[in-house]
Amino acid sequence: MANKYCRMHRHLRRLDRVWLDPPIFFVTACTRKRKAMLASEQVAEILIDEWQSAQQRHGWQVGRYVIMPDHVHLFCAPNGNATSLSGFIGAWKRWSSRRISKMPRTASTATGTIWQREFFDHLLRSEESYDQKWNYVRDNPVRAGLARSAADWPFAGEIDDLRL
């Protein structure tokens with residue numbers, strides 16, 4: 001039987017085993033013009049607070065995340081009556097933008113639009129490991145020369161455990 005996230009023709013039902021149920025999405029959202037403004041304690045607190053409210057507001061759980069200076073990576077999964085992924089990410093961008101824009105102006109805060117309109121999303125398939133994908137993402141600050149080890153980067157963590 002096809003899961004509710006993937007309705008398919010009878011001859012394609014074997015593909016039902018390709019997706020996780022509930023699905024886990026890997027999302028990347030970038031700042032407008034890739035402006036480096038996110039990797040500060042104040043901004044990180046706003047982003048994390050908004051993700052912690054996602055389940056109540058939009059029906060989405062946020063798992064692990066990494067906040068980079070000009071983009072964020074996060075894993076998320078819908079609950080029973082969740083809004084669409086684009087609706088959730090769009091609302092999260094609006095709420096976080098409002099709060100970040102109210103911060104006192106410094107070199108790290110934005111004026112005007114904070115986020116790019118689009119975002120990248122990838123649906124994890126059953127053969128993909130959440131932990132393996134996380135290990136790659138978690139090392140982004142190291143590859144970017146921002147930290148000596150992933151454990152040294154203060155803007156990464158986990159809100160909800162999405163592992164099956």
# chains A, B, ... in the order shown; residues from 1 in each chain; ligands from 1
>>> residues_around(residues="A:Leu123", least_positions_apart="6", cutoff="10 Å", atoms="only C-alpha atoms", output="PDB file with C-alpha atoms, in the first residue's frame")
ATOM      1  CA  TRP A  19      10.698   6.848   0.955  1.00  0.00           C
ATOM      2  CA  LEU A  20      10.675   6.993   4.714  1.00  0.00           C
ATOM      3  CA  PRO A  23       9.376  11.507   5.346  1.00  0.00           C
ATOM      4  CA  ILE A  24      12.454  13.410   6.465  1.00  0.00           C
ATOM      5  CA  PHE A  25      13.477  16.418   4.406  1.00  0.00           C
ATOM      6  CA  PHE A  26      16.909  17.975   4.257  1.00  0.00           C
ATOM      7  CA  VAL A  27      16.533  21.733   3.683  1.00  0.00           C
ATOM      8  CA  PHE A  75      16.328  18.256   8.748  1.00  0.00           C
ATOM      9  CA  CYS A  76      12.572  18.301   9.259  1.00  0.00           C
ATOM     10  CA  ALA A  77       9.588  15.952   9.212  1.00  0.00           C
TER      11      ALA A  77
END
>>> residues_around(residues="stretch 84-96 of chain A", least_positions_apart="6", cutoff="8 Å", atoms="only C-alpha atoms", output="JSON, numbers by chain")
{"A": [46, 47, 50, 51, 54, 58, 60, 115]}
>>> write_last_selection(atoms="N, CA and C atoms", output="PDB file, in the first residue's frame")
ATOM      1  N   ILE A  46      17.269  33.263  17.708  1.00  0.00           N
ATOM      2  CA  ILE A  46      16.009  33.522  16.997  1.00  0.00           C
ATOM      3  C   ILE A  46      15.656  32.344  16.098  1.00  0.00           C
ATOM      4  N   LEU A  47      16.612  31.873  15.307  1.00  0.00           N
ATOM      5  CA  LEU A  47      16.351  30.759  14.394  1.00  0.00           C
ATOM      6  C   LEU A  47      15.924  29.516  15.164  1.00  0.00           C
ATOM      7  N   GLU A  50      12.422  29.817  16.645  1.00  0.00           N
ATOM      8  CA  GLU A  50      11.394  29.626  15.618  1.00  0.00           C
ATOM      9  C   GLU A  50      11.254  28.151  15.243  1.00  0.00           C
ATOM     10  N   TRP A  51      12.359  27.421  15.163  1.00  0.00           N
ATOM     11  CA  TRP A  51      12.288  25.980  14.869  1.00  0.00           C
ATOM     12  C   TRP A  51      11.623  25.220  16.008  1.00  0.00           C
ATOM     13  N   ALA A  54       7.953  25.300  15.545  1.00  0.00           N
ATOM     14  CA  ALA A  54       7.463  24.793  14.257  1.00  0.00           C
ATOM     15  C   ALA A  54       6.410  23.707  14.413  1.00  0.00           C
ATOM     16  N   HIS A  58       3.105  24.833  12.773  1.00  0.00           N
ATOM     17  CA  HIS A  58       2.989  24.342  11.397  1.00  0.00           C
ATOM     18  C   HIS A  58       2.902  22.832  11.265  1.00  0.00           C
ATOM     19  N   TRP A  60       5.405  20.730  11.944  1.00  0.00           N
ATOM     20  CA  TRP A  60       6.709  20.213  11.487  1.00  0.00           C
ATOM     21  C   TRP A  60       7.665  20.088  12.662  1.00  0.00           C
ATOM     22  N   TRP A 115      16.207  36.614   3.553  1.00  0.00           N
ATOM     23  CA  TRP A 115      16.342  35.314   2.909  1.00  0.00           C
ATOM     24  C   TRP A 115      16.165  35.379   1.399  1.00  0.00           C
TER      25      TRP A 115
END
>>> residues_around(residues="A:Asp160", least_positions_apart="4", cutoff="8 Å", atoms="only C-alpha atoms", output="PyMOL selection string")
chain A and resi 61-64
>>> residues_around(residues="A:Arg163", least_positions_apart="2", cutoff="9 Å", atoms="only C-alpha atoms", output="PyMOL selection string")
chain A and resi 63+130-131+161
>>> closest_residue(among="A:Ile114, A:Ile67, A:Leu124, A:Ser129", to="A:Ala150", atoms="only C-alpha atoms")
A:Ile67
>>> select_by_dssp(residues="stretch 11-162 of chain A", states="strand (DSSP E)", output="list in words")
Phe25, Phe26, Val27, Thr28, Ala29, Cys30, Trp60, Gln61, Val62, Gly63, Arg64, Tyr65, Val66, Ile67, His71, Val72, His73, Leu74, Phe75, Cys76, Ala77, Pro78, Phe120, Asp121, His122, Leu123, Ala156, Gly157 and Glu158 of chain A
>>> write_last_selection(atoms="C-alpha atoms", output="compact mmCIF listing (two decimals), in the first residue's frame")
# COMPACT_ATOMS: atom_id res chain seq x y z
CA PHE A 25 13.48 16.42 4.41
CA PHE A 26 16.91 17.97 4.26
CA VAL A 27 16.53 21.73 3.68
CA THR A 28 19.06 24.45 2.86
CA ALA A 29 18.05 28.13 2.96
CA CYS A 30 20.44 30.95 2.03
CA TRP A 60 6.71 20.21 11.49
CA GLN A 61 9.42 18.79 13.69
CA VAL A 62 12.93 20.12 13.19
CA GLY A 63 15.74 17.68 13.84
CA ARG A 64 19.39 18.51 13.47
CA TYR A 65 20.60 21.84 12.08
CA VAL A 66 23.74 23.77 11.23
CA ILE A 67 23.73 27.55 11.03
CA HIS A 71 22.90 29.74 5.03
CA VAL A 72 21.28 27.11 7.22
CA HIS A 73 20.90 23.36 6.89
CA LEU A 74 18.13 21.56 8.72
CA PHE A 75 16.33 18.26 8.75
CA CYS A 76 12.57 18.30 9.26
CA ALA A 77 9.59 15.95 9.21
CA PRO A 78 5.84 16.59 9.02
CA PHE A 120 16.73 23.64 -1.57
CA ASP A 121 15.02 20.53 -0.29
CA HIS A 122 15.88 16.87 -0.58
CA LEU A 123 13.64 14.01 0.52
CA ALA A 156 24.72 23.37 15.35
CA GLY A 157 22.43 21.10 17.30
CA GLU A 158 19.23 19.09 17.41
>>> select_by_dssp(residues="stretch 24-93 of chain A", states="alpha helix (DSSP H)", output="PyMOL selection string")
chain A and resi 41-52+54-58+85-93
>>> closest_residue(among="A:Asn79, A:Asn140, A:Thr31, A:Ser149", to="A:Gly59", atoms="only C-alpha atoms")
A:Asn79
>>> atom_distance(atom1="atom CA of A:Trp134", atom2="atom CA of A:Lys33")
25.6 Å
>>> decode(residues="stretch 76-115 of chain A", atoms="N, CA and C atoms", output="PDB file, in the first residue's frame")
ATOM      1  N   CYS A  76      13.907  18.113   8.699  1.00  0.00           N
ATOM      2  CA  CYS A  76      12.572  18.301   9.259  1.00  0.00           C
ATOM      3  C   CYS A  76      11.634  17.210   8.770  1.00  0.00           C
ATOM      4  N   ALA A  77      10.575  16.982   9.542  1.00  0.00           N
ATOM      5  CA  ALA A  77       9.588  15.952   9.212  1.00  0.00           C
ATOM      6  C   ALA A  77       8.195  16.456   9.580  1.00  0.00           C
ATOM      7  N   PRO A  78       7.202  16.153   8.734  1.00  0.00           N
ATOM      8  CA  PRO A  78       5.836  16.595   9.021  1.00  0.00           C
ATOM      9  C   PRO A  78       5.139  15.674  10.013  1.00  0.00           C
ATOM     10  N   ASN A  79       4.228  16.258  10.790  1.00  0.00           N
ATOM     11  CA  ASN A  79       3.325  15.484  11.644  1.00  0.00           C
ATOM     12  C   ASN A  79       2.014  15.313  10.890  1.00  0.00           C
ATOM     13  N   GLY A  80       1.033  14.753  11.539  1.00  0.00           N
ATOM     14  CA  GLY A  80      -0.244  14.431  10.914  1.00  0.00           C
ATOM     15  C   GLY A  80      -0.874  15.503  10.047  1.00  0.00           C
ATOM     16  N   ASN A  81      -1.127  16.680  10.580  1.00  0.00           N
ATOM     17  CA  ASN A  81      -1.812  17.737   9.830  1.00  0.00           C
ATOM     18  C   ASN A  81      -0.878  18.891   9.518  1.00  0.00           C
ATOM     19  N   ALA A  82       0.289  18.586   9.033  1.00  0.00           N
ATOM     20  CA  ALA A  82       1.302  19.602   8.759  1.00  0.00           C
ATOM     21  C   ALA A  82       0.922  20.447   7.542  1.00  0.00           C
ATOM     22  N   THR A  83       1.379  21.698   7.575  1.00  0.00           N
ATOM     23  CA  THR A  83       1.282  22.532   6.384  1.00  0.00           C
ATOM     24  C   THR A  83       2.269  21.970   5.361  1.00  0.00           C
ATOM     25  N   SER A  84       2.230  22.469   4.152  1.00  0.00           N
ATOM     26  CA  SER A  84       3.188  22.021   3.137  1.00  0.00           C
ATOM     27  C   SER A  84       4.598  22.433   3.549  1.00  0.00           C
ATOM     28  N   LEU A  85       5.589  21.768   2.995  1.00  0.00           N
ATOM     29  CA  LEU A  85       6.978  22.121   3.287  1.00  0.00           C
ATOM     30  C   LEU A  85       7.243  23.566   2.899  1.00  0.00           C
ATOM     31  N   SER A  86       6.786  23.980   1.715  1.00  0.00           N
ATOM     32  CA  SER A  86       7.028  25.360   1.296  1.00  0.00           C
ATOM     33  C   SER A  86       6.289  26.349   2.192  1.00  0.00           C
ATOM     34  N   GLY A  87       5.098  25.977   2.665  1.00  0.00           N
ATOM     35  CA  GLY A  87       4.373  26.835   3.597  1.00  0.00           C
ATOM     36  C   GLY A  87       5.110  26.978   4.921  1.00  0.00           C
ATOM     37  N   PHE A  88       5.628  25.875   5.426  1.00  0.00           N
ATOM     38  CA  PHE A  88       6.385  25.898   6.673  1.00  0.00           C
ATOM     39  C   PHE A  88       7.648  26.736   6.535  1.00  0.00           C
ATOM     40  N   ILE A  89       8.457  26.490   5.495  1.00  0.00           N
ATOM     41  CA  ILE A  89       9.718  27.225   5.325  1.00  0.00           C
ATOM     42  C   ILE A  89       9.436  28.703   5.070  1.00  0.00           C
ATOM     43  N   GLY A  90       8.414  28.998   4.270  1.00  0.00           N
ATOM     44  CA  GLY A  90       8.059  30.394   4.013  1.00  0.00           C
ATOM     45  C   GLY A  90       7.660  31.119   5.286  1.00  0.00           C
ATOM     46  N   ALA A  91       6.856  30.464   6.122  1.00  0.00           N
ATOM     47  CA  ALA A  91       6.436  31.086   7.394  1.00  0.00           C
ATOM     48  C   ALA A  91       7.633  31.246   8.327  1.00  0.00           C
ATOM     49  N   TRP A  92       8.490  30.236   8.372  1.00  0.00           N
ATOM     50  CA  TRP A  92       9.689  30.328   9.219  1.00  0.00           C
ATOM     51  C   TRP A  92      10.574  31.494   8.765  1.00  0.00           C
ATOM     52  N   LYS A  93      10.743  31.659   7.471  1.00  0.00           N
ATOM     53  CA  LYS A  93      11.544  32.779   6.964  1.00  0.00           C
ATOM     54  C   LYS A  93      10.916  34.121   7.347  1.00  0.00           C
ATOM     55  N   ARG A  94       9.594  34.240   7.201  1.00  0.00           N
ATOM     56  CA  ARG A  94       8.924  35.492   7.560  1.00  0.00           C
ATOM     57  C   ARG A  94       9.084  35.805   9.043  1.00  0.00           C
ATOM     58  N   TRP A  95       8.800  34.830   9.908  1.00  0.00           N
ATOM     59  CA  TRP A  95       8.891  35.051  11.355  1.00  0.00           C
ATOM     60  C   TRP A  95      10.317  35.385  11.771  1.00  0.00           C
ATOM     61  N   SER A  96      11.278  34.627  11.261  1.00  0.00           N
ATOM     62  CA  SER A  96      12.669  34.889  11.655  1.00  0.00           C
ATOM     63  C   SER A  96      13.137  36.233  11.103  1.00  0.00           C
ATOM     64  N   SER A  97      12.724  36.579   9.897  1.00  0.00           N
ATOM     65  CA  SER A  97      13.097  37.874   9.317  1.00  0.00           C
ATOM     66  C   SER A  97      12.597  39.034  10.161  1.00  0.00           C
ATOM     67  N   ARG A  98      11.345  38.950  10.599  1.00  0.00           N
ATOM     68  CA  ARG A  98      10.782  40.015  11.439  1.00  0.00           C
ATOM     69  C   ARG A  98      11.595  40.199  12.710  1.00  0.00           C
ATOM     70  N   ARG A  99      11.912  39.094  13.346  1.00  0.00           N
ATOM     71  CA  ARG A  99      12.636  39.173  14.618  1.00  0.00           C
ATOM     72  C   ARG A  99      14.077  39.637  14.427  1.00  0.00           C
ATOM     73  N   ILE A 100      14.737  39.139  13.386  1.00  0.00           N
ATOM     74  CA  ILE A 100      16.126  39.554  13.128  1.00  0.00           C
ATOM     75  C   ILE A 100      16.170  41.033  12.770  1.00  0.00           C
ATOM     76  N   SER A 101      15.192  41.480  11.988  1.00  0.00           N
ATOM     77  CA  SER A 101      15.157  42.889  11.574  1.00  0.00           C
ATOM     78  C   SER A 101      14.963  43.847  12.743  1.00  0.00           C
ATOM     79  N   LYS A 102      14.385  43.373  13.840  1.00  0.00           N
ATOM     80  CA  LYS A 102      14.170  44.208  15.019  1.00  0.00           C
ATOM     81  C   LYS A 102      15.414  44.314  15.899  1.00  0.00           C
ATOM     82  N   MET A 103      16.435  43.509  15.589  1.00  0.00           N
ATOM     83  CA  MET A 103      17.666  43.574  16.381  1.00  0.00           C
ATOM     84  C   MET A 103      18.357  44.908  16.143  1.00  0.00           C
ATOM     85  N   PRO A 104      19.104  45.401  17.142  1.00  0.00           N
ATOM     86  CA  PRO A 104      19.890  46.616  16.906  1.00  0.00           C
ATOM     87  C   PRO A 104      20.829  46.402  15.717  1.00  0.00           C
ATOM     88  N   ARG A 105      20.941  47.408  14.879  1.00  0.00           N
ATOM     89  CA  ARG A 105      21.777  47.294  13.675  1.00  0.00           C
ATOM     90  C   ARG A 105      23.245  47.147  14.029  1.00  0.00           C
ATOM     91  N   THR A 106      23.811  46.060  13.548  1.00  0.00           N
ATOM     92  CA  THR A 106      25.255  45.839  13.655  1.00  0.00           C
ATOM     93  C   THR A 106      25.716  45.321  12.310  1.00  0.00           C
ATOM     94  N   ALA A 107      26.966  45.062  12.192  1.00  0.00           N
ATOM     95  CA  ALA A 107      27.505  44.546  10.929  1.00  0.00           C
ATOM     96  C   ALA A 107      26.913  43.188  10.588  1.00  0.00           C
ATOM     97  N   SER A 108      26.454  42.453  11.607  1.00  0.00           N
ATOM     98  CA  SER A 108      25.960  41.103  11.346  1.00  0.00           C
ATOM     99  C   SER A 108      24.457  41.035  11.114  1.00  0.00           C
ATOM    100  N   THR A 109      23.731  42.131  11.289  1.00  0.00           N
ATOM    101  CA  THR A 109      22.292  42.075  11.071  1.00  0.00           C
ATOM    102  C   THR A 109      21.931  42.670   9.714  1.00  0.00           C
ATOM    103  N   ALA A 110      20.749  42.351   9.289  1.00  0.00           N
ATOM    104  CA  ALA A 110      20.332  42.714   7.939  1.00  0.00           C
ATOM    105  C   ALA A 110      19.489  43.974   7.912  1.00  0.00           C
ATOM    106  N   THR A 111      19.462  44.577   6.780  1.00  0.00           N
ATOM    107  CA  THR A 111      18.488  45.617   6.498  1.00  0.00           C
ATOM    108  C   THR A 111      17.703  45.119   5.299  1.00  0.00           C
ATOM    109  N   GLY A 112      16.404  45.187   5.360  1.00  0.00           N
ATOM    110  CA  GLY A 112      15.585  44.715   4.251  1.00  0.00           C
ATOM    111  C   GLY A 112      15.402  43.209   4.274  1.00  0.00           C
ATOM    112  N   THR A 113      15.284  42.619   3.100  1.00  0.00           N
ATOM    113  CA  THR A 113      15.032  41.192   2.955  1.00  0.00           C
ATOM    114  C   THR A 113      16.221  40.379   3.448  1.00  0.00           C
ATOM    115  N   ILE A 114      15.948  39.381   4.231  1.00  0.00           N
ATOM    116  CA  ILE A 114      17.013  38.562   4.812  1.00  0.00           C
ATOM    117  C   ILE A 114      17.272  37.301   3.997  1.00  0.00           C
ATOM    118  N   TRP A 115      16.207  36.614   3.553  1.00  0.00           N
ATOM    119  CA  TRP A 115      16.342  35.314   2.909  1.00  0.00           C
ATOM    120  C   TRP A 115      16.165  35.379   1.399  1.00  0.00           C
TER     121      TRP A 115
END
